[in-house]
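Peer 1: Below is the file protein-v5.cif, with mmCIF, C-alpha atoms.
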data_model
#
loop_
_atom_site.label_atom_id
_atom_site.label_comp_id
_atom_site.auth_asym_id
_atom_site.auth_seq_id
_atom_site.Cartn_x
_atom_site.Cartn_y
_atom_site.Cartn_z
CA MET A 831 99.32 28.35 98.98
CA SER A 832 98.76 30.51 95.95
CA ALA A 833 96.26 33.32 95.83
CA PRO A 834 93.05 32.61 93.91
CA ARG A 835 93.06 33.69 90.32
CA HIS A 836 90.54 36.23 89.09
CA ARG A 837 89.47 35.64 85.51
CA ALA A 838 88.62 38.70 83.56
CA SER A 839 85.22 38.72 81.89
CA ALA A 840 85.49 38.20 78.16
CA PRO A 841 84.54 41.34 76.26
CA SER A 842 81.65 41.17 73.81
CA HIS A 843 81.52 42.52 70.31
CA ASP A 844 80.20 45.80 71.66
CA GLY A 845 83.08 46.12 74.14
CA ARG A 846 81.03 45.26 77.25
CA PRO A 847 82.01 42.45 79.62
CA ALA A 848 79.88 39.29 79.51
CA LYS A 849 78.53 39.94 83.04
CA ALA A 850 77.37 43.39 82.05
CA ARG A 851 75.76 41.98 78.91
CA SER A 852 74.01 39.28 80.98
CA GLY A 853 72.72 41.91 83.40
CA SER A 854 71.35 43.94 80.52
CA ARG A 855 69.54 40.90 79.15
CA LYS A 856 67.96 40.18 82.53
CA ALA A 857 66.79 43.77 82.81
CA ALA A 858 65.36 43.62 79.30
CA ASP A 859 63.58 40.34 80.09
CA ALA A 860 62.11 41.92 83.21
CA ARG A 861 60.82 44.86 81.16
CA VAL A 862 59.28 42.49 78.60
CA GLY A 863 57.65 40.45 81.36
CA SER A 864 56.24 43.59 82.92
CA SER A 865 54.90 44.70 79.57
CA ARG A 866 53.28 41.33 78.93
CA SER A 867 51.66 41.41 82.37
CA SER A 868 50.15 44.81 81.64
CA MET A 869 48.80 43.66 78.26
CA GLY A 870 47.50 40.28 79.44
CA LYS A 871 45.78 39.30 82.65
CA PRO A 872 46.42 41.67 85.54
CA ALA A 873 49.24 40.76 87.88
CA ALA A 874 48.28 39.34 91.25
CA PRO A 875 48.20 41.92 94.04
CA ALA A 876 51.34 42.20 96.10
CA THR A 877 49.43 41.91 99.36
CA THR A 878 46.01 40.72 100.46
CA TRP A 879 44.08 41.37 103.65
CA PRO A 880 45.54 38.95 106.21
CA ILE A 881 43.13 36.75 108.15
CA PRO A 882 43.95 33.38 109.76
CA ASP A 883 42.60 30.38 107.87
CA GLY A 884 40.90 29.08 111.00
CA SER A 885 39.11 32.38 111.54
CA LEU A 886 37.95 32.40 107.93
CA GLU A 887 36.58 28.90 108.42
CA ALA A 888 34.87 30.02 111.64
CA LEU A 889 33.11 32.78 109.70
CA LYS A 890 31.74 30.12 107.37
CA TRP A 891 30.28 28.22 110.33
CA VAL A 892 28.79 31.40 111.76
CA GLY A 893 27.17 31.98 108.39
CA LEU A 894 25.74 28.45 108.36
CA VAL A 895 24.20 28.91 111.82
CA LEU A 896 22.73 32.29 110.94
CA MET A 897 21.38 30.94 107.64
CA THR A 898 19.73 28.01 109.37
CA GLY A 899 18.06 30.28 111.91
CA ASP A 900 16.91 32.62 109.17
CA HIS A 901 15.39 29.81 107.10
CA VAL A 902 13.68 28.20 110.08
CA ASN A 903 12.21 31.59 110.94
CA LYS A 904 11.14 32.29 107.36
CA TYR A 905 9.65 28.97 106.34
CA LEU A 906 8.64 27.23 109.57
CA LEU A 907 7.84 30.22 111.81
CA GLN A 908 6.51 32.55 109.10
CA ASP A 909 8.95 35.33 110.07
CA ALA A 910 7.73 35.37 113.66
CA SER A 911 11.15 36.41 115.04
CA PRO A 912 12.47 39.86 114.07
CA THR A 913 15.75 38.95 115.77
CA LEU A 914 16.35 35.90 113.60
CA TYR A 915 15.40 37.92 110.55
CA ALA A 916 17.90 40.67 111.40
CA LEU A 917 20.67 38.17 112.14
CA GLY A 918 19.91 36.43 108.88
CA ARG A 919 20.71 39.61 106.93
CA MET A 920 24.37 39.04 107.83
CA VAL A 921 24.54 35.76 105.94
CA MET A 922 25.06 37.14 102.45
CA PRO A 923 27.96 39.46 103.42
CA VAL A 924 29.64 36.72 105.49
CA PHE A 925 29.45 34.04 102.80
CA GLY A 926 30.40 36.57 100.14
CA PHE A 927 33.49 37.63 102.05
CA VAL A 928 34.65 34.07 102.80
CA LEU A 929 34.39 33.19 99.12
CA MET A 930 36.04 36.35 97.86
CA ALA A 931 38.86 36.20 100.41
CA ASN A 932 39.77 32.76 99.10
CA LEU A 933 39.57 33.89 95.47
CA ALA A 934 41.77 36.88 96.28
CA ARG A 935 44.64 34.71 97.52
CA PRO A 936 47.83 35.22 95.50
CA GLY A 937 48.05 32.56 92.80
CA ALA A 938 44.39 31.50 93.09
CA TYR A 939 43.58 32.49 89.52
CA GLN A 940 46.65 30.77 88.12
CA ALA A 941 45.82 27.60 90.10
CA GLY A 942 42.35 27.43 88.56
CA MET A 943 40.51 27.98 91.85
CA HIS A 944 37.82 30.16 90.27
CA LEU A 945 36.82 27.49 87.76
CA ARG A 946 36.75 24.74 90.39
CA VAL A 947 34.58 26.85 92.68
CA MET A 948 32.21 27.70 89.84
CA ARG A 949 31.75 24.02 88.98
CA ARG A 950 30.98 23.12 92.60
CA LEU A 951 28.54 25.98 93.01
CA VAL A 952 26.70 25.06 89.81
CA VAL A 953 26.39 21.40 90.85
CA PHE A 954 25.08 22.12 94.34
CA ALA A 955 22.87 24.98 93.16
CA LEU A 956 21.17 22.45 90.88
CA LEU A 957 20.87 19.96 93.75
CA ALA A 958 19.22 22.64 95.89
CA THR A 959 16.84 23.74 93.15
CA PRO A 960 13.95 21.28 93.78
CA ALA A 961 13.66 22.21 97.46
CA PHE A 962 14.28 25.90 96.76
CA VAL A 963 11.60 26.00 94.07
CA GLY A 964 9.17 24.30 96.44
CA LEU A 965 9.86 26.88 99.14
CA VAL A 966 10.38 30.06 97.11
CA GLY A 967 9.50 29.50 93.46
CA TRP A 968 11.37 29.43 90.17
CA TRP A 969 12.66 32.97 90.48
CA PRO A 970 15.10 34.13 91.69
CA LEU A 971 17.76 31.43 91.58
CA ASN A 972 19.19 30.38 94.95
CA ILE A 973 22.17 31.92 96.74
CA LEU A 974 24.63 29.36 95.38
CA ALA A 975 23.81 30.68 91.93
CA THR A 976 24.45 34.19 93.26
CA LEU A 977 27.87 33.19 94.56
CA GLY A 978 28.61 31.30 91.35
CA LEU A 979 27.79 34.36 89.25
CA ALA A 980 29.96 36.57 91.46
CA THR A 981 32.81 34.09 91.03
CA ALA A 982 32.36 34.13 87.25
CA ILE A 983 32.48 37.93 87.20
CA VAL A 984 35.67 37.96 89.27
CA TRP A 985 37.18 35.32 86.97
CA LEU A 986 36.42 37.47 83.93
CA LEU A 987 37.88 40.56 85.58
CA GLU A 988 41.04 38.69 86.51
CA SER A 989 41.34 37.27 82.99
CA GLY A 990 42.05 40.78 81.74
CA GLY A 991 41.36 42.37 78.40
CA ALA A 992 38.53 44.51 77.08
CA VAL A 993 36.40 41.56 75.93
CA ALA A 994 36.53 39.92 79.37
CA ARG A 995 35.62 43.18 81.09
CA VAL A 996 32.63 43.71 78.80
CA ALA A 997 31.55 40.12 79.44
CA ALA A 998 31.82 40.73 83.19
CA LEU A 999 29.60 43.81 82.87
CA ILE A 1000 27.02 41.90 80.82
CA ALA A 1001 27.05 39.05 83.34
CA PHE A 1002 26.49 41.55 86.15
CA LEU A 1003 23.65 43.40 84.42
CA ILE A 1004 21.76 40.37 83.11
CA GLY A 1005 22.69 37.81 85.74
CA GLY A 1006 21.85 40.18 88.57
CA ALA A 1007 18.20 40.03 87.54
CA LEU A 1008 18.12 36.25 87.95
CA VAL A 1009 19.81 35.48 91.27
CA GLU A 1010 18.82 35.79 94.92
CA PHE A 1011 19.47 39.24 96.42
CA TRP A 1012 19.99 40.51 92.88
CA TRP A 1013 22.54 43.20 92.02
CA PRO A 1014 23.19 44.31 95.62
CA ALA A 1015 24.50 40.82 96.43
CA LEU A 1016 26.89 40.96 93.48
CA LEU A 1017 28.06 44.40 94.55
CA CYS A 1018 28.59 43.11 98.08
CA CYS A 1019 30.75 40.25 96.80
CA LEU A 1020 32.73 42.46 94.44
CA GLY A 1021 33.28 44.98 97.23
CA ALA A 1022 34.64 42.22 99.48
CA TRP A 1023 36.89 41.00 96.67
CA GLY A 1024 38.28 44.47 96.08
CA PHE A 1025 38.99 44.96 99.78
CA ALA A 1026 40.58 41.53 100.20
CA ARG A 1027 42.90 42.15 97.25
CA ARG A 1028 43.90 45.71 98.07
CA PRO A 1029 42.95 46.59 101.65
CA GLY A 1030 42.71 50.28 102.41
CA GLY A 1031 40.38 53.07 103.39
CA VAL A 1032 38.88 53.54 99.93
CA SER A 1033 38.28 49.84 99.29
CA MET A 1034 36.81 49.49 102.79
CA LEU A 1035 34.38 52.34 102.13
CA LEU A 1036 33.33 50.87 98.78
CA TRP A 1037 32.77 47.48 100.39
CA ALA A 1038 30.67 49.07 103.15
CA LEU A 1039 28.57 50.99 100.62
CA ALA A 1040 28.07 47.84 98.55
CA THR A 1041 26.97 45.95 101.66
CA ALA A 1042 24.62 48.78 102.61
CA SER A 1043 22.95 48.45 99.21
CA LEU A 1044 21.45 45.16 100.45
CA ALA A 1045 19.00 47.36 102.38
CA ILE A 1046 17.13 47.71 99.08
CA VAL A 1047 16.27 44.01 99.37
CA ASN A 1048 16.31 43.54 103.14
CA GLY A 1049 14.47 46.67 104.18
CA ASN A 1050 17.11 47.46 106.81
CA LEU A 1051 20.85 47.95 107.28
CA ALA A 1052 21.38 44.83 109.39
CA ALA A 1053 23.78 43.43 106.77
CA LEU A 1054 26.34 46.02 107.87
CA ALA A 1055 26.65 44.20 111.20
CA ALA A 1056 28.64 41.56 109.32
CA LEU A 1057 31.51 43.97 108.71
CA PRO A 1058 32.72 44.37 112.32
CA LEU A 1059 32.34 40.61 112.75
CA ILE A 1060 34.59 40.00 109.74
CA LEU A 1061 37.10 42.68 110.69
CA GLY A 1062 37.26 41.38 114.24
CA ALA A 1063 37.89 37.82 113.06
CA ARG A 1064 41.25 38.97 111.75
CA HIS A 1065 42.51 39.44 115.30
CA VAL A 1066 41.43 36.01 116.57
CA ASP A 1067 43.34 32.94 115.44
CA ILE A 1068 40.84 30.10 115.79
CA PRO A 1069 42.37 26.62 115.43
CA LEU A 1070 39.65 25.28 113.16
CA ARG A 1071 40.32 22.87 110.32
CA ARG A 1072 38.81 23.53 106.93
CA CYS A 1073 35.84 21.40 105.87
CA ARG A 1074 35.80 21.94 102.13
CA TRP A 1075 32.46 20.40 101.23
CA ILE A 1076 30.35 21.22 104.29
CA PHE A 1077 28.90 24.45 102.94
CA TYR A 1078 28.12 23.03 99.52
CA ALA A 1079 26.42 19.93 100.89
CA TYR A 1080 24.65 21.60 103.79
CA TYR A 1081 22.75 24.09 101.68
CA PRO A 1082 20.65 21.65 99.61
CA ALA A 1083 20.43 19.23 102.55
CA HIS A 1084 18.91 21.70 105.02
CA LEU A 1085 16.53 23.15 102.42
CA SER A 1086 15.34 19.64 101.57
CA LEU A 1087 14.77 18.89 105.26
CA ILE A 1088 12.77 22.09 105.75
CA ALA A 1089 10.69 21.32 102.66
CA LEU A 1090 10.07 17.80 103.98
CA VAL A 1091 8.96 19.10 107.38
CA MET A 1092 6.61 21.61 105.77
CA GLY A 1093 5.12 18.97 103.51
CA PRO A 1094 3.27 19.65 100.25
CA ALA A 1095 1.82 23.14 99.87
#
As structure tokens, how would this structure be written, given the file I've shared?
Peer 2:
Amino acid sequence: MSAPRHRASAPSHDGRPAKARSGSRKAADARVGSSRSSMGKPAAPATTWPIPDGSLEALKWVGLVLMTGDHVNKYLLQDASPTLYALGRMVMPVFGFVLMANLARPGAYQAGMHLRVMRRLVVFALLATPAFVGLVGWWPLNILATLGLATAIVWLLESGGAVARVAALIAFLIGGALVEFWWPALLCCLGAWGFARRPGGVSMLLWALATASLAIVNGNLAALAALPLILGARHVDIPLRRCRWIFYAYYPAHLSLIALVMGPA
């Protein structure tokens, strides 16, 4: 049995073997790709804050329960329960985190998740508008509009480029005056997005400060109680299947039911 033959690499015109030339081309392509990434949309983060999908879904259900209690207390009980009011302040940070954690998943931007979420939020925000206007008034817009605006800002930031960043700033400044919980809610969502994408001490502090800014609207710091709940959910793997449409449909449905129970003003 003869020994295997080893073919010598054919030299190129510059005297280098073909394998060496191929390696150089790959390295050059990698440098070009890196350069394009830095000039175009920002590259996806290498790591995101890990939390089991079931636990993230459980947070959504906790938010729905707290929101229901808060709205019953506000509209049917005329804020008779300070406990329900305080628990209700956790709703915005919880929903904001669940949304932003999903948007921060690697590949979410490339898969078009942001645009799909924005379309859903717009549709169901409009469906909730008649009941919301009857309960609250024309201004501000409901919380689905808040979450939709936060998603749009994140989409612009992830699109990259100076024009997109300026558009994100304009959307924040102008849009924040129109939506429920105003600019503090947008800051809370953006803080959660920053932490979910690049977890660390600094991003955690910024998220906490952004959440604390909701005290301007709420009159207390009860929103901060959502943070240990969210952080603790990471360590509990809850076997809960995702219900994609439940949050979207529940919001206008429960507001309509409350408005029906209250009757005409």
Peer 1: Just say which residues the PyMOL selection byres ((chain A and resi 1006) around 10) picks in this file, as a VMD selection string.
Peer 2: chain A and resid 970 976 979 to 980 1000 to 1005 1007 to 1017
Peer 1: When the PyMOL selection byres ((chain A and resi 1025-1036) around 12) is applied to the file above, which residues end up in the set, as a PyMOL selection string?
Peer 2: chain A and resi 873-881+926-938+984+988+1017-1024+1037-1043+1054+1057-1058+1060-1061+1064
Peer 1: How big is the axis-aligned box, and where does its centre sit, when it encloses all atoms of segment 887-890 of chain A listed in the file and has 8 Å added on every side, reported in Å to one decimal as AutoDock Vina command-line options?
Peer 2:
--center_x 34.2 --center_y 30.8 --center_z 109.5 --size_x 20.8 --size_y 19.9 --size_z 20.3
Peer 1: Return as a tab-separated table the residues of segment 959-1039 of chain A lying at most 12 Å from segment 895-918 of chain A, together with the closest atom-to-atom pair for each and the distance in Å to one decimal, counting all atoms listed in the file, with rows in chain order and ascending residue number.
Peer 2:
residue	atom	partner	partner_atom	distance
A:Ala961	CA	A:Tyr905	CA	11.9
A:Phe962	CA	A:Tyr905	CA	11.1
A:Gly964	CA	A:Tyr905	CA	11.0
A:Leu965	CA	A:Tyr905	CA	7.5
A:Val966	CA	A:Tyr905	CA	9.3
A:Ile973	CA	A:Met897	CA	11.0
Peer 1: Which residue gives the smallest distance to Val892 of chain A among A:Phe925, A:Tyr939, A:Phe954, A:Trp985, with all atoms listed in the file counted?
Peer 2: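 Using all atoms listed in the file, the shortest distance to Val892 of chain A belongs to A:Phe925.
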Peer 1: For Ala1045 of chain A, which residue among A:Leu886, A:Leu1087, A:Met922, A:Met1092 is the nearest when counting all atoms listed in the file?
Peer 2: A:Met922
Peer 1: Using only C-alpha atoms, which residues sit within 12 Å of Asp883 of chain A once same-chain residues fewer than 4 positions away are excluded, as number ranges by chain?
Peer 2: A: 879, 887-890, 928, 931-932, 935, 1063-1073
Peer 1: To one decimal place in Å, what is the distance between atom CA of His944 of chain A and atom CA of Ala975 of chain A?
Peer 2: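 Interatomic distance here is 14.1 Å.
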Peer 1: Could you tell me which of A:Leu1051, A:His1084, A:Leu951, A:Gln940 comes closest to Leu894 of chain A if we count all atoms listed in the file?
Peer 2: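 For Leu894 of chain A, the nearest of the candidates is A:His1084.
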Peer 1: Nearest residue to Thr959 of chain A out of A:Ile1088, A:Val947, A:Leu974, A:Val921, using only C-alpha atoms?
Peer 2: A:Leu974
Peer 1: What does the structure give for the distance between atom CA of Leu956 of chain A and atom CA of Ala1079 of chain A, in Å to one decimal?
Peer 2: 11.6 Å
Peer 1: Using Å and a single decimal, report how far atom CA of Asn972 of chain A sits from atom CA of Tyr1080 of chain A.
Peer 2: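 Those two atoms sit 13.6 Å apart.
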Peer 1: Determine the nearest neighbour of Trp1075 of chain A from the options A:Leu999, A:Gly991, A:Leu977, A:Arg950, counting all atoms listed in the file.
Peer 2: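 Among A:Leu999, A:Gly991, A:Leu977, A:Arg950, it is A:Arg950 that comes nearest to Trp1075 of chain A.
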Peer 1: Return the single residue from A:Val963, A:Ile1076, A:Ile983, A:Ala941 that is closest to Val996 of chain A, with distances computed using only C-alpha atoms.
Peer 2: A:Ile983
